[in-house]
Structure formats: C-alpha cells, structure tokens
Amino acid sequence: MKLKNRLLFICLSMVLLSTVMISVAIFSYLGFHLHRVESQYGTSDPNYQTVVQPLKQMWNTPQTRELLIDLAIMVILALCVVAIAVALWLYWSIVDPLKKVQIATDNIKNGNLDFEMNINSKDEIGELYADFESMRKRLKDNAEEKIEADKRDREFISNISHDLKTPLTSIRGYCEGIMDGVASTPEKMDKYIRTIYTKTTEMDDLINQLTLYSKIEQKSVPFNFTQVSANEFFGDCASALELELDAQNIKFEYTNRLRQDAQLILDDEQIRRVLNNIVGNSVKYAHANPLVITMTLEDVGGDVRVSLADNGVGISPKDLPHIFDRFYRADSSRNRSTGGSGIGLSIVKSIIEEHGGRVQASSEKDKGTVISFLLRKAKEVKTDE
Ligand SMILES: Nc1ncnc2c1ncn2[C@@H]1O[C@H](COP(=O)(O)OP(=O)(O)OP(=O)(O)O)[C@@H](O)[C@H]1O
Ligand SMILES: [Mg+2]
C-alpha cells in the first residue's frame, strides 16, 4: 500500500473508531443513568415524571432521532474532512522531501553532482538534507580530485616518456655515429662515449627519482631517524653546498640564528636530499646573474625553521600553490631543457611530513623564491645531575 493511502486509512479509521467509541460511551452513560433514576424513584414518582418521562418521550419522537442522526452524519463528515486534510498534510510534508532526496540519489547514481539541496527547516528533514548536501559536496570534491589526479598522471606519463626518450634518442644517435665510423679520431670517440655516459646518468637519475618517489608514497622508505645537533648538522650541509655552488660561480650565504644546543631528530640522508632538491631548483630555474642562494636557520617555538632563498625570477602566483603537487612544473619550466619531471618538491614535502614538519613557499616576481620548512626540535631531557 502506498504511503498516501496508508496515511489516509490511518486517519480515517482513527476518526471513525473514536466517533463510534464516543457515541457508545455517551449513550450507555445516558441509558445507565435513566435506568438508575427509574429504579430509584419508580415510574410513579413526580421527579421521574417531570425529568425522565419527557426525555424518554423526546427520544422516542422521529424528529429527535432524525435530528440526532443528521447531527452525527455532519460530525462524522466534518471529522472525515479534517482527517483527509491531516493525512494530505502529513503526506506532502514527508513525501515531497523524500521525492527530492530520491531525485538527488538518482543524480548521484548517474554521476551528476552539480546540484544543491537547500531547505531552511531545522527539523529531522532539514537535518537529512544537510547531511545529504555535505555527502554530495564530499563526493564532488573527491570526484574533482580524482579527475585532477588522473590528468596529472596522464601528463606525467607523457612527460616521463618525453624525458626518457630525449636522452635515448641522442644515445642512439651517438651509437650510430660510432657504428658508421663517424667517430673516426680518438678525440671524437672520447667525446661520443662521454656524451653517451652523461645521457645514461641523466636517465639513471630520473629513474632513481621516480623509484624514490613511489617508495615514499607507499611509505616503504625506511627512515633512519637519529638525534643530531642542529648547528653541527646544518653547518656541515652548508659547507658541502658552498663548495658545490662555488664550483658553479654561485654565491652561497649561511645564517644561523639557533640556540647553540638545539637538537633535532632527523634522517640525515633524507634532509640532505631535501636541501639538494630545493637548492637544485634555484640553480635550474632562478636565472639570476649573479645568483645568490641563502640558507637561514631560526628558532620558531618548539621548531627549527630552515629557509632557502634565491634572488631569481620567482614563481608566478598561478603556479605557486601547486609546486608541491606531484609532477607539477610551472609552464615556464616545461619548455626548457633544464626542466625536470616535477617530482623534486613533492619528495621534499613527503620527507618533511614524515619528520612531522611542514614546508611552504613564497615568491615574488623578479625578486626571488623562498622555500622554508619546519623541523621539530628534540625534547630536552632534564637530568638532576
Ligand atoms: N627557485 C625556483 N625558482 C623558480 N621556479 C621554481 C623554483 N623552485 C621550483 N620552481 C618551479 O616549481 C616546479 C616544481 O619543482 P620540482 O622540483 O617539484 O620539479 P622539477 O624541478 O621540475 O623536477 P625534478 O625536481 O623532479 O627534477 C619547477 O618545475 C619550477 O617551475
Ligand atoms: Mg626540482
């Protein structure tokens, strides 16, 4: 039975049942009292003759009966109308919102998430709508994220194919040159072999980056955390970076504002990788002459902030929010031969997050870029000695 018929049936049967019960109660009550008066006073008593007798006579007249029956019919009809109105009101207040939920469910089933479920009421139906609406928003966000991730994956495959194909093509070209005898002199042969070597190293680096990234994503990289002195560790990193950058005529400045005894718990190799990725980006993309890279260490509450800044061209506001996304490269870096695969900074983010820290970037056009990350300090263990 449909809900509408069920409600109608319930309301009508309630009305009829209550009418019958009330009538039975009234008549039995009256009959009982008349009978009591009759038996108490007797039919010859003047009280009986003045009160009960006229009542009985009135009841026995056909006009009175007709009047009472008409009255009962009118009351029953009026109650039926009220019952139908109540049933319909209940029906619309339940079925209408239910129909909307059904339409919304159909939309979701068909993959359409671009609609809104709005209701201002604060009752249970309003709560159901609000829950449904938040579910729809969540599904929509997930669907959009998935589309975005699929798009990035497709882009990534085409970028990787391109990044691998470029060195492969030149390796093949140089090998053909050697086979065809173009590398006729020992110098030429040496040049060809060195180029082949460089290209295979490039490919090896790329494949290593990819392997590392997928391992970090699957959380299968064993992090080797140890407690180190922040000053010693970063001092050592700074010396290594200075040496390396100096060989490329890049100026490196190191500022340490940390307390002398600051201790960190970190994975030495992974944090060095973070620094190299960030500095490597400045070398590749800053395009400043002279290029100056600075590393600054500061205390920020219970954390140590490490900031790496360059004086390069900067990153556009459009690209900045995405540079930590996997495989994201700013448009300006895509066409350049120096462009990587867009994994470096996503590896940085994953590593820093594994350390319980956060990474962020700020940049200003033609002024430079600052990438900074926070590392939690090791808790000081106080001894009574
Ligand atoms: N210091 C910087 N100056 C200008 N642009 C930068 C800088 N650092 C990063 N970028 C931009 O951010 C993008 C993402 O950097 P990320 O390190 O993730 O990838 P990549 O360097 O392109 O590739 P990979 O690191 O995998 O070799 C770069 O492609 C570049 O466009
Ligand atoms: Mg990089």
# chains A, B, ... in the order shown; residues from 1 in each chain; ligands from 1
$ select_by_dssp --residues "range 131-328 of chain A" --states "strand (DSSP E)" --output "PyMOL selection string"
chain A and resi 226-229+251-256+263-266+292-300+303-310
$ write_last_selection --atoms "C-alpha atoms" --output "tab-separated table (two decimals), in the first residue's frame"
chain	number	residue	atom	x	y	z
A	226	THR	CA	68.81	9.97	14.78
A	227	GLN	CA	69.25	12.82	17.25
A	228	VAL	CA	71.69	15.43	15.95
A	229	SER	CA	72.92	18.87	16.91
A	251	LYS	CA	77.23	32.71	-4.14
A	252	PHE	CA	76.05	30.92	-1.01
A	253	GLU	CA	75.28	32.68	2.29
A	254	TYR	CA	74.59	30.85	5.54
A	255	THR	CA	72.98	32.47	8.61
A	256	ASN	CA	72.45	30.53	11.81
A	263	GLN	CA	68.80	19.28	18.92
A	264	LEU	CA	66.80	17.69	16.11
A	265	ILE	CA	65.65	14.19	15.34
A	266	LEU	CA	66.05	13.62	11.63
A	292	VAL	CA	72.82	34.24	-4.67
A	293	ILE	CA	71.37	31.44	-2.55
A	294	THR	CA	70.93	31.89	1.20
A	295	MET	CA	70.21	29.40	3.93
A	296	THR	CA	68.85	30.70	7.26
A	297	LEU	CA	68.17	28.80	10.47
A	298	GLU	CA	65.81	30.21	13.11
A	299	ASP	CA	64.09	29.10	16.30
A	300	VAL	CA	60.29	29.14	15.99
A	303	ASP	CA	60.62	24.07	15.88
A	304	VAL	CA	63.62	24.97	13.80
A	305	ARG	CA	62.85	26.83	10.58
A	306	VAL	CA	65.19	26.29	7.65
A	307	SER	CA	64.71	28.80	4.82
A	308	LEU	CA	66.39	28.60	1.43
A	309	ALA	CA	66.08	31.72	-0.69
A	310	ASP	CA	67.31	32.78	-4.11
$ closest_atom_pairs --of "chain A" --to "ligand 2" --cutoff "7 Å" --atoms "only C-alpha atoms and all ligand atoms" --output "JSON lines"
{"residue": "A:Asn277", "atom": "CA", "partner": "ligand 2", "partner_atom_place_in_ligand_line": "1 (Mg)", "distance": 5.5}
{"residue": "A:Ile278", "atom": "CA", "partner": "ligand 2", "partner_atom_place_in_ligand_line": "1 (Mg)", "distance": 6.7}
{"residue": "A:Gly280", "atom": "CA", "partner": "ligand 2", "partner_atom_place_in_ligand_line": "1 (Mg)", "distance": 6.3}
{"residue": "A:Asn281", "atom": "CA", "partner": "ligand 2", "partner_atom_place_in_ligand_line": "1 (Mg)", "distance": 4.8}
{"residue": "A:Gly340", "atom": "CA", "partner": "ligand 2", "partner_atom_place_in_ligand_line": "1 (Mg)", "distance": 6.1}
{"residue": "A:Gly342", "atom": "CA", "partner": "ligand 2", "partner_atom_place_in_ligand_line": "1 (Mg)", "distance": 6.1}
{"residue": "A:Ile343", "atom": "CA", "partner": "ligand 2", "partner_atom_place_in_ligand_line": "1 (Mg)", "distance": 6.5}
{"residue": "A:Gly344", "atom": "CA", "partner": "ligand 2", "partner_atom_place_in_ligand_line": "1 (Mg)", "distance": 4.1}
{"residue": "A:Leu345", "atom": "CA", "partner": "ligand 2", "partner_atom_place_in_ligand_line": "1 (Mg)", "distance": 6.0}
$ residues_near_ligand --ligand "ligand 1" --cutoff "7 Å" --atoms "only C-alpha atoms and all ligand atoms" --output "PyMOL selection string"
chain A and resi 209+277-278+281-282+285-286+310+312-315+323-324+326-334+339-346+368-369
$ residues_around --residues "Lys165 in chain A" --least-positions-apart "5" --cutoff "12 Å" --atoms "only C-alpha atoms" --output "list in words"
Ile157, Ser158, Asn159, Ile160, Ser170, Ile171, Arg172, Lys199, Thr200, Glu202, Met203 and Leu206 of chain A
$ write_last_selection --atoms "N, CA and C atoms" --output "compact mmCIF listing (two decimals), in the first residue's frame"
# COMPACT_ATOMS: atom_id res chain seq x y z
N ILE A 157 52.89 10.66 -17.42
CA ILE A 157 53.35 9.59 -18.31
C ILE A 157 53.92 10.21 -19.59
N SER A 158 53.21 11.23 -20.09
CA SER A 158 53.72 11.82 -21.33
C SER A 158 55.03 12.59 -21.06
N ASN A 159 55.14 13.24 -19.88
CA ASN A 159 56.40 13.94 -19.56
C ASN A 159 57.55 12.95 -19.40
N ILE A 160 57.27 11.87 -18.67
CA ILE A 160 58.33 10.89 -18.42
C ILE A 160 58.77 10.25 -19.74
N SER A 170 69.37 10.65 -28.26
CA SER A 170 70.75 11.08 -28.54
C SER A 170 71.73 9.94 -28.32
N ILE A 171 71.46 9.03 -27.35
CA ILE A 171 72.36 7.88 -27.17
C ILE A 171 72.38 7.05 -28.46
N ARG A 172 71.17 6.84 -29.00
CA ARG A 172 71.11 6.04 -30.23
C ARG A 172 71.88 6.75 -31.37
N LYS A 199 74.34 11.04 -20.78
CA LYS A 199 72.90 10.82 -21.04
C LYS A 199 72.37 9.65 -20.22
N THR A 200 73.17 8.58 -20.11
CA THR A 200 72.68 7.44 -19.31
C THR A 200 72.60 7.83 -17.84
N GLU A 202 71.83 10.81 -16.73
CA GLU A 202 70.58 11.60 -16.63
C GLU A 202 69.39 10.67 -16.48
N MET A 203 69.38 9.63 -17.33
CA MET A 203 68.25 8.68 -17.27
C MET A 203 68.23 7.95 -15.94
N LEU A 206 66.82 10.18 -13.24
CA LEU A 206 65.37 10.31 -13.37
C LEU A 206 64.68 9.06 -12.83
$ residues_around --residues "range 11-18 of chain A" --least-positions-apart "2" --cutoff "7 Å" --atoms "only C-alpha atoms" --output "ChimeraX atom specification"
/A:7-9,20-22,79-80,83,87
$ select_by_dssp --residues "range 64-135 of chain A" --states "alpha helix (DSSP H)" --output "ChimeraX atom specification"
/A:64-109,124-135
$ residues_around --residues "range 142-146 of chain A" --least-positions-apart "5" --cutoff "9 Å" --atoms "only C-alpha atoms" --output "CSV table (one decimal) with C-alpha atoms, in the first residue's frame"
chain,number,residue,atom,x,y,z
A,113,LEU,CA,27.0,16.1,-8.6
A,137,LYS,CA,29.9,18.1,-1.6
A,151,LYS,CA,45.0,14.3,-15.6
$ closest_residue --among "A:Gln49, A:Asn276, A:Asn224, A:Ser372" --to "Glu354 in chain A" --atoms "only C-alpha atoms"
A:Asn224
$ atom_distance --atom1 "CA of Met117 in chain A" --atom2 "CA of Trp92 in chain A"
17.5 Å
$ atom_distance --atom1 "CA of Asp268 in chain A" --atom2 "CA of Leu210 in chain A"
20.5 Å
$ atom_distance --atom1 "CA of Glu242 in chain A" --atom2 "CA of Gly356 in chain A"
27.7 Å
$ closest_residue --among "A:Ile125, A:Leu168, A:Gly42, A:Met74" --to "Thr201 in chain A" --atoms "only C-alpha atoms"
A:Leu168
$ closest_residue --among "A:Ile73, A:Val221, A:Val52, A:Leu241" --to "Leu34 in chain A" --atoms "only C-alpha atoms"
A:Val52
$ decode --residues "range 167-240 of chain A" --atoms "C-alpha atoms" --output "mmCIF file, in the first residue's frame"
data_model
loop_
_atom_site.group_PDB
_atom_site.id
_atom_site.type_symbol
_atom_site.label_atom_id
_atom_site.label_comp_id
_atom_site.auth_asym_id
_atom_site.auth_seq_id
_atom_site.Cartn_x
_atom_site.Cartn_y
_atom_site.Cartn_z
ATOM 1 C CA PRO A 167 68.415 11.136 -23.891
ATOM 2 C CA LEU A 168 67.644 7.786 -25.507
ATOM 3 C CA THR A 169 67.398 9.391 -28.941
ATOM 4 C CA SER A 170 70.746 11.084 -28.537
ATOM 5 C CA ILE A 171 72.357 7.880 -27.169
ATOM 6 C CA ARG A 172 71.110 6.044 -30.233
ATOM 7 C CA GLY A 173 72.402 8.854 -32.494
ATOM 8 C CA TYR A 174 75.891 8.709 -30.949
ATOM 9 C CA CYS A 175 75.945 4.873 -31.106
ATOM 10 C CA GLU A 176 75.012 5.006 -34.821
ATOM 11 C CA GLY A 177 77.776 7.585 -35.285
ATOM 12 C CA ILE A 178 80.274 5.183 -33.736
ATOM 13 C CA MET A 179 78.962 2.212 -35.767
ATOM 14 C CA ASP A 180 79.064 4.188 -39.030
ATOM 15 C CA GLY A 181 82.655 5.251 -38.304
ATOM 16 C CA VAL A 182 81.774 8.976 -37.887
ATOM 17 C CA ALA A 183 83.840 8.996 -34.661
ATOM 18 C CA SER A 184 86.973 8.464 -36.699
ATOM 19 C CA THR A 185 89.513 10.048 -34.323
ATOM 20 C CA PRO A 186 90.221 9.016 -30.700
ATOM 21 C CA GLU A 187 89.121 12.542 -29.576
ATOM 22 C CA LYS A 188 85.783 12.204 -31.358
ATOM 23 C CA MET A 189 85.337 8.699 -29.985
ATOM 24 C CA ASP A 190 86.077 10.009 -26.466
ATOM 25 C CA LYS A 191 83.538 12.835 -26.898
ATOM 26 C CA TYR A 192 80.865 10.440 -28.159
ATOM 27 C CA ILE A 193 81.395 7.986 -25.312
ATOM 28 C CA ARG A 194 81.362 10.759 -22.701
ATOM 29 C CA THR A 195 78.093 12.116 -24.090
ATOM 30 C CA ILE A 196 76.556 8.653 -24.014
ATOM 31 C CA TYR A 197 77.737 8.298 -20.419
ATOM 32 C CA THR A 198 76.222 11.680 -19.413
ATOM 33 C CA LYS A 199 72.903 10.818 -21.039
ATOM 34 C CA THR A 200 72.684 7.439 -19.313
ATOM 35 C CA THR A 201 73.464 9.169 -15.994
ATOM 36 C CA GLU A 202 70.582 11.601 -16.627
ATOM 37 C CA MET A 203 68.252 8.684 -17.271
ATOM 38 C CA ASP A 204 69.520 6.876 -14.210
ATOM 39 C CA ASP A 205 68.879 9.980 -12.041
ATOM 40 C CA LEU A 206 65.370 10.307 -13.368
ATOM 41 C CA ILE A 207 64.571 6.656 -12.756
ATOM 42 C CA ASN A 208 66.042 6.899 -9.241
ATOM 43 C CA GLN A 209 63.859 9.943 -8.515
ATOM 44 C CA LEU A 210 60.807 8.062 -9.712
ATOM 45 C CA THR A 211 61.627 4.971 -7.683
ATOM 46 C CA LEU A 212 62.233 7.059 -4.574
ATOM 47 C CA TYR A 213 59.004 8.954 -5.042
ATOM 48 C CA SER A 214 56.913 5.822 -5.427
ATOM 49 C CA LYS A 215 58.613 4.284 -2.383
ATOM 50 C CA ILE A 216 57.935 7.380 -0.270
ATOM 51 C CA GLU A 217 54.322 7.402 -1.452
ATOM 52 C CA GLN A 218 53.935 3.751 -0.469
ATOM 53 C CA LYS A 219 55.705 4.510 2.811
ATOM 54 C CA SER A 220 58.241 1.811 2.105
ATOM 55 C CA VAL A 221 61.323 4.007 2.599
ATOM 56 C CA PRO A 222 62.910 3.072 5.901
ATOM 57 C CA PHE A 223 63.605 6.414 7.606
ATOM 58 C CA ASN A 224 66.654 6.315 9.779
ATOM 59 C CA PHE A 225 65.998 8.909 12.491
ATOM 60 C CA THR A 226 68.811 9.969 14.780
ATOM 61 C CA GLN A 227 69.254 12.823 17.245
ATOM 62 C CA VAL A 228 71.692 15.427 15.951
ATOM 63 C CA SER A 229 72.917 18.872 16.909
ATOM 64 C CA ALA A 230 71.162 21.289 14.527
ATOM 65 C CA ASN A 231 74.226 23.544 14.408
ATOM 66 C CA GLU A 232 76.609 20.741 13.528
ATOM 67 C CA PHE A 233 74.324 19.067 11.004
ATOM 68 C CA PHE A 234 73.339 22.206 9.077
ATOM 69 C CA GLY A 235 76.856 23.635 9.390
ATOM 70 C CA ASP A 236 78.109 20.533 7.637
ATOM 71 C CA CYS A 237 75.389 20.727 4.941
ATOM 72 C CA ALA A 238 76.172 24.431 4.411
ATOM 73 C CA SER A 239 79.886 23.699 3.851
ATOM 74 C CA ALA A 240 79.059 20.988 1.304
#
